[in-house]
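Next up, final07.txt (compact mmCIF, C-alpha atoms):
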# COMPACT_ATOMS: atom_id res chain seq x y z
CA MET F 1 17.70 -17.12 7.51
CA PRO F 2 15.51 -16.07 4.57
CA LEU F 3 11.77 -16.29 5.20
CA LEU F 4 9.13 -17.71 2.88
CA THR F 5 5.58 -16.47 3.52
CA LEU F 6 2.35 -17.76 1.99
CA ILE F 7 -0.80 -15.64 2.35
CA SER F 8 -4.30 -16.19 1.00
CA ASP F 9 -7.72 -14.60 1.29
CA PRO F 10 -9.25 -16.71 4.09
CA SER F 11 -12.68 -16.46 2.50
CA ALA F 12 -11.42 -17.88 -0.80
CA ARG F 13 -8.46 -20.19 -0.19
CA ASP F 14 -7.65 -22.42 2.80
CA LEU F 15 -3.92 -23.14 3.09
CA THR F 16 -4.29 -25.80 5.76
CA ALA F 17 -3.62 -28.65 3.33
CA THR F 18 -0.74 -26.74 1.72
CA THR F 19 2.82 -27.32 2.87
CA PRO F 20 5.56 -24.76 2.32
CA HIS F 21 7.59 -27.64 0.88
CA GLU F 22 5.39 -27.35 -2.21
CA VAL F 23 7.03 -23.97 -2.79
CA GLY F 24 10.40 -24.26 -1.10
CA GLY F 25 11.17 -27.93 -1.59
CA ALA F 26 14.39 -29.07 0.04
CA ALA F 27 15.28 -25.45 0.91
CA VAL F 28 12.70 -25.43 3.74
CA SER F 29 14.69 -25.56 6.98
CA SER F 30 12.15 -25.13 9.77
CA GLU F 31 8.69 -26.16 10.83
CA PRO F 32 5.91 -23.97 9.45
CA ARG F 33 4.76 -21.16 11.73
CA TRP F 34 1.08 -20.38 11.24
CA LEU F 35 0.54 -16.64 11.62
CA ARG F 36 -3.16 -16.84 10.80
CA PRO F 37 -4.65 -20.35 10.89
CA GLY F 38 -5.48 -21.48 7.39
CA SER F 39 -4.36 -18.39 5.50
CA ALA F 40 -0.91 -17.11 6.53
CA VAL F 41 2.12 -19.31 7.14
CA GLN F 42 5.84 -18.59 7.38
CA VAL F 43 8.89 -20.83 7.25
CA ALA F 44 12.67 -20.37 7.23
CA VAL F 45 14.42 -21.48 4.06
CA GLY F 46 17.96 -21.88 2.83
CA PRO F 47 19.69 -19.22 0.72
CA GLN F 48 19.53 -21.46 -2.34
CA LEU F 49 15.79 -20.91 -2.82
CA ARG F 50 14.86 -18.68 -5.76
CA LEU F 51 11.32 -17.40 -6.28
CA ASP F 52 11.12 -16.94 -10.02
CA GLU F 53 8.22 -15.45 -11.97
CA ASP F 54 6.91 -18.81 -13.15
CA LEU F 55 6.68 -20.17 -9.60
CA TRP F 56 5.09 -16.97 -8.32
CA SER F 57 2.56 -16.94 -11.15
CA ALA F 58 1.64 -20.56 -10.58
CA TRP F 59 0.75 -19.83 -6.96
CA GLN F 60 -1.10 -16.67 -7.94
CA ARG F 61 -3.38 -18.80 -10.08
CA ARG F 62 -4.07 -20.88 -6.97
CA GLY F 63 -5.03 -17.76 -5.01
CA VAL F 64 -1.88 -17.57 -2.91
CA ASP F 65 0.59 -14.70 -2.45
CA VAL F 66 4.13 -16.06 -2.10
CA VAL F 67 6.88 -13.80 -0.72
CA LEU F 68 10.55 -14.57 -0.18
CA GLN F 69 12.41 -12.17 2.11
CA PRO F 70 16.17 -12.10 2.72
CA ASP F 71 17.80 -12.83 6.05
CA GLY F 72 17.68 -10.07 8.65
CA PRO F 73 15.27 -8.38 11.06
CA HIS F 74 11.77 -8.31 9.63
CA ARG F 75 9.81 -6.07 12.00
CA ARG F 76 9.93 -2.45 10.89
CA ARG F 77 9.75 0.71 12.98
CA VAL F 78 8.22 3.06 10.40
CA LEU F 79 5.24 2.67 8.05
CA LEU F 80 4.89 4.83 4.94
CA ALA F 81 1.63 4.31 3.08
CA ASP F 82 -0.07 5.58 -0.04
CA MET F 83 -3.71 6.56 0.46
CA ASP F 84 -5.87 6.04 -2.65
CA SER F 85 -6.57 2.37 -3.43
CA THR F 86 -4.15 1.45 -0.64
CA MET F 87 -5.31 2.73 2.75
CA ILE F 88 -8.76 3.48 1.34
CA GLU F 89 -10.68 1.58 -1.31
CA GLN F 90 -11.33 4.58 -3.54
CA GLU F 91 -9.45 7.12 -5.67
CA CYS F 92 -10.49 10.46 -4.14
CA ILE F 93 -10.06 12.47 -7.32
CA ASP F 94 -12.33 10.04 -9.17
CA GLU F 95 -14.99 10.49 -6.50
CA LEU F 96 -14.77 14.28 -6.79
CA ALA F 97 -14.94 14.00 -10.57
CA ALA F 98 -18.11 11.95 -10.33
CA GLN F 99 -19.66 14.79 -8.35
CA ALA F 100 -18.53 17.25 -11.03
CA GLY F 101 -20.02 15.17 -13.86
CA VAL F 102 -16.65 14.22 -15.39
CA GLY F 103 -16.19 10.89 -13.63
CA GLU F 104 -15.44 8.63 -16.58
CA GLN F 105 -13.00 11.07 -18.15
CA VAL F 106 -11.01 11.53 -14.94
CA ALA F 107 -11.09 7.83 -13.98
CA ASP F 108 -9.52 6.91 -17.32
CA ILE F 109 -6.68 9.39 -16.79
CA THR F 110 -6.20 8.14 -13.21
CA ALA F 111 -5.91 4.51 -14.30
CA ARG F 112 -3.35 5.35 -16.98
CA ALA F 113 -1.31 7.54 -14.63
CA MET F 114 -1.22 4.91 -11.88
CA ASN F 115 -0.09 2.30 -14.39
CA GLY F 116 2.81 4.55 -15.39
CA GLU F 117 1.48 5.38 -18.85
CA LEU F 118 1.26 9.13 -18.19
CA ASP F 119 3.43 11.67 -16.42
CA PHE F 120 2.00 11.92 -12.92
CA ALA F 121 2.21 15.71 -12.53
CA GLY F 122 0.79 16.38 -15.96
CA ALA F 123 -2.06 13.96 -15.41
CA LEU F 124 -2.78 15.52 -12.01
CA HIS F 125 -3.02 19.04 -13.44
CA GLU F 126 -5.25 17.80 -16.26
CA ARG F 127 -7.66 16.09 -13.89
CA VAL F 128 -7.78 18.89 -11.33
CA ALA F 129 -8.56 21.42 -14.07
CA LEU F 130 -11.74 19.46 -14.78
CA LEU F 131 -12.86 20.06 -11.18
CA ARG F 132 -12.89 23.83 -11.52
CA GLY F 133 -15.91 25.42 -9.86
CA LEU F 134 -16.78 22.43 -7.69
CA PRO F 135 -17.88 23.59 -4.19
CA VAL F 136 -15.23 22.61 -1.66
CA GLY F 137 -18.01 21.34 0.62
CA VAL F 138 -18.37 18.38 -1.74
CA VAL F 139 -15.21 16.99 -0.14
CA ASP F 140 -17.05 16.51 3.16
CA THR F 141 -19.88 14.73 1.34
CA VAL F 142 -17.45 12.37 -0.40
CA LEU F 143 -15.62 11.65 2.86
CA ALA F 144 -18.86 10.88 4.66
CA GLU F 145 -20.57 8.86 1.95
CA ARG F 146 -17.95 7.39 -0.37
CA ILE F 147 -14.64 6.82 1.41
CA THR F 148 -14.07 3.49 3.16
CA PRO F 149 -10.88 2.04 4.69
CA MET F 150 -9.12 -0.80 2.93
CA ARG F 151 -9.65 -4.08 4.76
CA GLY F 152 -6.93 -4.65 7.33
CA GLY F 153 -5.90 -0.99 7.47
CA PRO F 154 -7.08 -0.20 11.00
CA GLU F 155 -5.37 -3.36 12.27
CA LEU F 156 -2.12 -2.46 10.51
CA LEU F 157 -2.00 1.02 12.05
CA ALA F 158 -3.06 -0.06 15.54
CA THR F 159 -0.63 -2.98 15.69
CA MET F 160 2.40 -1.00 14.55
CA ALA F 161 1.48 1.84 16.93
CA ALA F 162 1.23 -0.63 19.84
CA ALA F 163 4.73 -1.83 18.95
CA GLY F 164 6.06 1.75 19.12
CA GLY F 165 6.06 2.36 15.39
CA TYR F 166 5.62 5.62 13.49
CA ALA F 167 3.22 5.96 10.55
CA ALA F 168 3.07 8.52 7.74
CA LEU F 169 0.40 8.79 5.06
CA VAL F 170 2.16 9.98 1.91
CA SER F 171 -0.23 10.58 -0.96
CA GLY F 172 -0.34 12.00 -4.45
CA GLY F 173 -3.92 12.92 -3.56
CA PHE F 174 -5.08 15.91 -1.56
CA THR F 175 -4.67 17.22 1.97
CA LEU F 176 -8.43 17.81 2.17
CA PHE F 177 -8.69 14.02 2.29
CA THR F 178 -5.42 12.92 3.92
CA ARG F 179 -5.96 14.98 7.05
CA VAL F 180 -9.25 13.19 7.69
CA VAL F 181 -8.09 9.70 6.66
CA ALA F 182 -4.91 10.09 8.72
CA GLU F 183 -6.91 11.00 11.81
CA ARG F 184 -9.43 8.21 11.29
CA LEU F 185 -6.77 5.52 10.95
CA GLY F 186 -4.21 6.84 13.43
CA PHE F 187 -1.33 8.08 11.26
CA ASP F 188 1.23 10.31 12.96
CA GLU F 189 1.54 12.63 9.96
CA HIS F 190 0.33 13.10 6.43
CA ARG F 191 1.66 14.64 3.23
CA ALA F 192 -0.27 15.31 0.02
CA ASN F 193 -1.11 17.90 -2.63
CA THR F 194 -3.04 21.05 -1.82
CA LEU F 195 -6.02 22.04 -3.95
CA ALA F 196 -6.35 25.78 -4.55
CA VAL F 197 -9.67 27.17 -3.29
CA ALA F 198 -11.26 30.58 -3.83
CA ASP F 199 -14.68 31.76 -2.68
CA GLY F 200 -15.54 28.29 -1.46
CA ARG F 201 -14.89 26.59 -4.80
CA LEU F 202 -12.02 24.64 -6.34
CA THR F 203 -10.07 26.80 -8.79
CA GLY F 204 -8.91 23.88 -10.92
CA ARG F 205 -5.29 24.30 -9.80
CA VAL F 206 -2.88 22.43 -7.54
CA VAL F 207 -0.66 24.47 -5.23
CA LEU F 208 2.95 23.78 -6.24
CA PRO F 209 5.12 21.81 -5.74
CA VAL F 210 3.31 18.63 -6.75
CA VAL F 211 3.63 15.68 -4.38
CA GLY F 212 4.59 12.85 -6.73
CA GLN F 213 7.09 10.01 -6.72
CA GLU F 214 10.09 12.22 -5.88
CA ALA F 215 8.23 13.71 -2.91
CA LYS F 216 7.29 10.26 -1.65
CA LEU F 217 10.92 9.15 -1.77
CA ARG F 218 11.95 12.38 -0.08
CA ALA F 219 9.40 11.74 2.67
CA LEU F 220 10.98 8.36 3.35
CA GLU F 221 14.42 9.92 3.52
CA GLU F 222 13.37 12.86 5.69
CA ILE F 223 11.28 10.84 8.14
CA SER F 224 13.98 8.18 8.49
CA ALA F 225 16.62 10.82 9.19
CA ARG F 226 14.39 12.67 11.66
CA LEU F 227 13.61 9.50 13.60
CA GLY F 228 17.16 8.19 13.38
CA VAL F 229 16.25 4.95 11.65
CA ARG F 230 17.70 3.24 8.58
CA HIS F 231 15.77 2.80 5.36
CA GLU F 232 15.85 -0.92 6.18
CA ASP F 233 13.64 -0.15 9.19
CA VAL F 234 10.85 1.20 6.96
CA VAL F 235 7.92 -0.71 5.48
CA ALA F 236 6.19 1.04 2.59
CA VAL F 237 2.95 0.06 0.87
CA GLY F 238 1.38 1.38 -2.31
CA ASP F 239 -0.17 0.43 -5.63
CA GLY F 240 0.69 3.03 -8.27
CA ALA F 241 3.63 4.01 -10.45
CA ASN F 242 4.30 7.09 -8.30
CA ASP F 243 4.93 4.75 -5.34
CA LEU F 244 7.78 2.85 -7.01
CA PRO F 245 10.78 4.86 -5.70
CA MET F 246 9.37 4.72 -2.16
CA LEU F 247 8.73 0.98 -2.40
CA ARG F 248 12.22 0.31 -3.74
CA ALA F 249 13.96 2.39 -1.06
CA ALA F 250 12.15 0.85 1.92
CA GLY F 251 13.48 -2.19 3.71
CA LEU F 252 10.16 -3.84 2.89
CA GLY F 253 8.23 -2.41 -0.05
CA VAL F 254 4.83 -4.00 -0.57
CA ALA F 255 2.89 -3.59 -3.81
CA LEU F 256 -0.71 -4.06 -2.66
CA HIS F 257 -3.24 -4.99 -5.35
CA ALA F 258 -0.91 -3.04 -7.61
CA LYS F 259 -1.31 -1.95 -11.19
CA PRO F 260 0.32 -4.46 -13.61
CA ALA F 261 3.20 -2.21 -14.60
CA VAL F 262 3.97 -1.63 -10.91
CA ALA F 263 3.69 -5.27 -9.86
CA ARG F 264 6.25 -6.28 -12.47
CA GLN F 265 8.84 -4.04 -10.79
CA VAL F 266 8.33 -4.92 -7.11
CA PRO F 267 9.45 -8.26 -5.63
CA VAL F 268 6.94 -8.23 -2.75
CA ARG F 269 3.41 -8.36 -4.18
CA VAL F 270 0.14 -8.93 -2.33
CA ASN F 271 -2.90 -9.54 -4.51
CA HIS F 272 -5.01 -11.96 -2.46
CA GLY F 273 -4.36 -10.78 1.09
CA ASP F 274 -5.41 -7.46 2.60
CA LEU F 275 -3.40 -4.92 4.59
CA THR F 276 -2.92 -7.38 7.44
CA ALA F 277 -0.49 -9.06 5.01
CA VAL F 278 1.91 -6.20 5.79
CA LEU F 279 1.88 -7.42 9.39
CA TYR F 280 2.24 -11.11 8.53
CA LEU F 281 5.22 -10.28 6.32
CA GLN F 282 6.83 -8.74 9.41
CA GLY F 283 6.20 -11.91 11.40
CA TYR F 284 3.23 -10.73 13.47
CA ALA F 285 0.94 -13.59 14.43
CA ASP F 286 -2.83 -13.26 14.68
CA GLU F 287 -2.79 -13.07 18.46
CA GLU F 288 -0.46 -10.05 18.30
CA ILE F 289 -2.67 -8.05 15.97
CA VAL F 290 -4.58 -5.18 17.59
CA ARG F 291 -8.15 -4.96 16.33
CA PRO F 292 -9.64 -1.51 16.99

Could you rewrite the structure in this file as structure tokens?
Amino acid sequence: MPLLTLISDPSARDLTATTPHEVGGAAVSSEPRWLRPGSAVQVAVGPQLRLDEDLWSAWQRRGVDVVLQPDGPHRRRVLLADMDSTMIEQECIDELAAQAGVGEQVADITARAMNGELDFAGALHERVALLRGLPVGVVDTVLAERITPMRGGPELLATMAAAGGYAALVSGGFTLFTRVVAERLGFDEHRANTLAVADGRLTGRVVLPVVGQEAKLRALEEISARLGVRHEDVVAVGDGANDLPMLRAAGLGVALHAKPAVARQVPVRVNHGDLTAVLYLQGYADEEIVRP
């Protein structure tokens, strides 16, 4: 049967006094299953339930993410994840730009590109050109001092790995960062753009081809085929416009703290929960979550 899931930030909203009947009404057909006491609950509902934008928005104002998933298996075998502002809290190119003294200029372009207002490849080339001459060693400084995992990320990777899952970090960012973030969090592979380097400094160019939305979709298709799994067996998570094709193609595509233009196009949106929400949406209960 379809599943209705309610998730909140446990530090901000206690769901204990909330009943799924407030959302699902007469369509609720099972007893609530608490996945995380007080902040994540799941219940089976009838096929007649519709989660329209008005209902979703009303619960958003109350600090609750509401997700309706169709009938079928909900635990996925493959995780595909964006990196910047998804698996980590920062945008790596913005952090490099701050070191180069062009932080505000690059951050503005990044925000517009992630909201779908600019062509991704064009915006990437424009931003990288502003980094020309930056010592490549700055990357290590940024990784050590500025890059932090998104809350719930280590738990998401460890739990899916313990269940035999496969995880790929697929980023429009840079391999200088993804190789380190992937190792830190336990991804099985990573894909991203390559920054051209000469004499120990960034040249201001990206090695072609650019890893953008088409490459992210292609990664989903290639990895699924290689592992012999269906697209329905994939959970994808991201926040930017270049993640949209990947999110749409996955069996479960989660827009995490997504840009407004992205959130409007993805049915499964998480704004109040963290990355553990990706586990709760698959039916993992708190006692099943691996905490590294």

Fill in the blank from the handout: Among F:Leu49, F:Val23, F:Leu80, F:Val102, F:Asp233 is approached most closely, using all atoms listed in the file, by F:Leu80

Problem - Selected residue, from F:Ala27, F:Leu131, F:Val206, F:Ala182, that lies nearest to F:Val106 when counting only C-alpha atoms - result: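 Under the stated criterion, the closest residue is F:Leu131.
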
Handout entry: Test item: residues at most 12 Å from F:Ala162, all atoms listed in the file, excluding those fewer than 4 positions along its chain, as a list in words
Key =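 Once the nearby chain positions are removed, what remains is Arg77, Glu155, Leu156, Leu157, Ala158, Tyr166, Ala167, Gly186, Glu288, Ile289, Val290, Arg291 and Pro292 of chain F.
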
Exercise for the section: Write out as a ChimeraX atom specification the residues lying within 9 Å of stretch 170-178 of chain F, counting all atoms listed in the file and excluding same-chain residues fewer than 2 positions away. Expected result: /F:80-84,91-93,120,124,139-140,143,168,180-183,189-195,210-213,215-216,219,242-243

Exercise for the section: Do a neighbour search on stretch 133-138 of chain F at 12 Å with only C-alpha atoms, toss out local chain neighbours closer than 3 positions, and write the hits as a PyMOL selection string. Expected result: chain F and resi 92-93+95-102+128-130+141-146+176-177+195-205

Problem - Residue among F:His272, F:Arg75, F:Arg132, F:Arg36 lying closest to F:Thr159, counting only C-alpha atoms - result: F:Arg75

Fill in the blank from the handout: Counting all atoms listed in the file, closest pick from F:Thr19, F:Ser57, F:Gln69, F:Thr86 relative to F:Asp274 is F:Thr86

Exercise for the section: Rank F:Leu279, F:Val254, F:Val78, F:Ala285 by their smallest atom-to-atom distance to F:Ala225, using only C-alpha atoms, and report the top residue only. Expected result: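 Looking at the shortest contact to F:Ala225, the residue is F:Val78.
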
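Atom pair atom CA of F:Val64 / atom CA of F:Pro10 has a distance of 10.2 Å (rounded to one decimal).
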
Practice task
Could you tell me which of F:Ala40, F:Val235, F:Val262, F:Ile223 comes closest to F:Pro20 if we count all atoms listed in the file?
Solution key: F:Ala40

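Between atom CA of F:Arg76 and atom CA of F:Asp14 there is a distance of 27.8 Å.
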
Practice task
Pick out the residues sitting within 10 Å of F:Arg264, and hand them over as a list in words; count all atoms listed in the file, and ignore anything fewer than 6 positions along from it in its own chain.
Solution key: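 My reading of the contact set: Glu53, Ala255 and Ala258 of chain F.
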
Selection export as a PDB file, keeping the file's coordinate frame, atoms kept: C-alpha atoms:
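Output file again31.pdb follows:
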ATOM      1  CA  GLU F  53       8.220 -15.450 -11.970  1.00  0.00           C
ATOM      2  CA  ALA F 255       2.890  -3.590  -3.810  1.00  0.00           C
ATOM      3  CA  ALA F 258      -0.910  -3.040  -7.610  1.00  0.00           C
TER       4      ALA F 258
END

Problem - Sphere at (11.7, -0.1, -1.0), radius 10 Å, counting all atoms listed in the file: residues as an MDAnalysis selection string - result: chainID F and resid 217 220 231:232 234:237 243:255 266:268

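Atom CA of F:Ala277 is found 7.1 Å from atom CA of F:Ile7.
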
Reconstruct all heavy atoms of stretch 175-186 of chain F from the incomplete input and present them as a CSV table (one decimal), in the frame of the given file.
chain,number,residue,atom,x,y,z
F,175,THR,N,-4.6,17.1,0.5
F,175,THR,CA,-4.7,17.2,2.0
F,175,THR,C,-6.1,17.3,2.5
F,175,THR,O,-6.3,17.0,3.7
F,175,THR,CB,-3.9,18.5,2.4
F,175,THR,OG1,-4.4,19.6,1.6
F,175,THR,CG2,-2.4,18.3,2.1
F,176,LEU,N,-7.0,17.8,1.7
F,176,LEU,CA,-8.4,17.8,2.2
F,176,LEU,C,-8.9,16.4,2.6
F,176,LEU,O,-9.8,16.3,3.4
F,176,LEU,CB,-9.3,18.4,1.1
F,176,LEU,CG,-9.2,19.9,0.8
F,176,LEU,CD1,-10.0,20.3,-0.5
F,176,LEU,CD2,-9.7,20.7,2.0
F,177,PHE,N,-8.3,15.4,2.0
F,177,PHE,CA,-8.7,14.0,2.3
F,177,PHE,C,-7.7,13.4,3.3
F,177,PHE,O,-8.1,12.7,4.2
F,177,PHE,CB,-8.7,13.2,1.0
F,177,PHE,CG,-9.9,13.5,0.1
F,177,PHE,CD1,-9.8,14.4,-0.9
F,177,PHE,CD2,-11.1,12.9,0.3
F,177,PHE,CE1,-10.9,14.7,-1.7
F,177,PHE,CE2,-12.2,13.2,-0.5
F,177,PHE,CZ,-12.1,14.1,-1.5
F,178,THR,N,-6.4,13.6,3.1
F,178,THR,CA,-5.4,12.9,3.9
F,178,THR,C,-5.5,13.3,5.4
F,178,THR,O,-5.3,12.5,6.3
F,178,THR,CB,-4.0,13.2,3.4
F,178,THR,OG1,-3.7,14.6,3.4
F,178,THR,CG2,-3.8,12.5,2.1
F,179,ARG,N,-5.9,14.6,5.6
F,179,ARG,CA,-6.0,15.0,7.0
F,179,ARG,C,-7.1,14.2,7.8
F,179,ARG,O,-7.0,13.9,9.0
F,179,ARG,CB,-6.2,16.5,7.2
F,179,ARG,CG,-7.5,17.0,6.6
F,179,ARG,CD,-7.5,18.5,6.6
F,179,ARG,NE,-8.8,19.1,6.2
F,179,ARG,CZ,-9.0,20.3,5.8
F,179,ARG,NH1,-7.9,21.2,5.9
F,179,ARG,NH2,-10.2,20.8,5.5
F,180,VAL,N,-8.1,13.9,7.1
F,180,VAL,CA,-9.2,13.2,7.7
F,180,VAL,C,-8.9,11.7,7.8
F,180,VAL,O,-9.1,11.1,8.8
F,180,VAL,CB,-10.6,13.4,6.9
F,180,VAL,CG1,-11.7,12.6,7.5
F,180,VAL,CG2,-10.9,14.9,6.9
F,181,VAL,N,-8.4,11.1,6.7
F,181,VAL,CA,-8.1,9.7,6.7
F,181,VAL,C,-7.0,9.4,7.7
F,181,VAL,O,-7.0,8.4,8.4
F,181,VAL,CB,-7.7,9.3,5.2
F,181,VAL,CG1,-7.1,7.8,5.3
F,181,VAL,CG2,-8.9,9.4,4.3
F,182,ALA,N,-6.0,10.3,7.8
F,182,ALA,CA,-4.9,10.1,8.7
F,182,ALA,C,-5.4,10.1,10.2
F,182,ALA,O,-5.0,9.2,11.0
F,182,ALA,CB,-3.9,11.2,8.6
F,183,GLU,N,-6.3,11.0,10.5
F,183,GLU,CA,-6.9,11.0,11.8
F,183,GLU,C,-7.8,9.8,12.1
F,183,GLU,O,-7.7,9.2,13.2
F,183,GLU,CB,-7.7,12.3,12.0
F,183,GLU,CG,-8.3,12.4,13.4
F,183,GLU,CD,-9.0,13.7,13.6
F,183,GLU,OE1,-9.1,14.5,12.7
F,183,GLU,OE2,-9.6,13.9,14.7
F,184,ARG,N,-8.6,9.4,11.1
F,184,ARG,CA,-9.4,8.2,11.3
F,184,ARG,C,-8.6,6.9,11.6
F,184,ARG,O,-9.0,6.1,12.4
F,184,ARG,CB,-10.3,8.0,10.0
F,184,ARG,CG,-11.4,9.0,9.8
F,184,ARG,CD,-12.1,8.6,8.5
F,184,ARG,NE,-13.2,9.5,8.2
F,184,ARG,CZ,-14.0,9.5,7.1
F,184,ARG,NH1,-13.7,8.6,6.2
F,184,ARG,NH2,-15.0,10.4,7.0
F,185,LEU,N,-7.5,6.8,10.9
F,185,LEU,CA,-6.8,5.5,11.0
F,185,LEU,C,-5.6,5.6,12.0
F,185,LEU,O,-5.1,4.5,12.4
F,185,LEU,CB,-6.2,5.2,9.6
F,185,LEU,CG,-7.3,4.8,8.5
F,185,LEU,CD1,-6.6,4.5,7.2
F,185,LEU,CD2,-8.0,3.6,9.0
F,186,GLY,N,-5.2,6.8,12.4
F,186,GLY,CA,-4.2,6.8,13.4
F,186,GLY,C,-2.8,7.1,12.9
F,186,GLY,O,-1.8,6.7,13.6
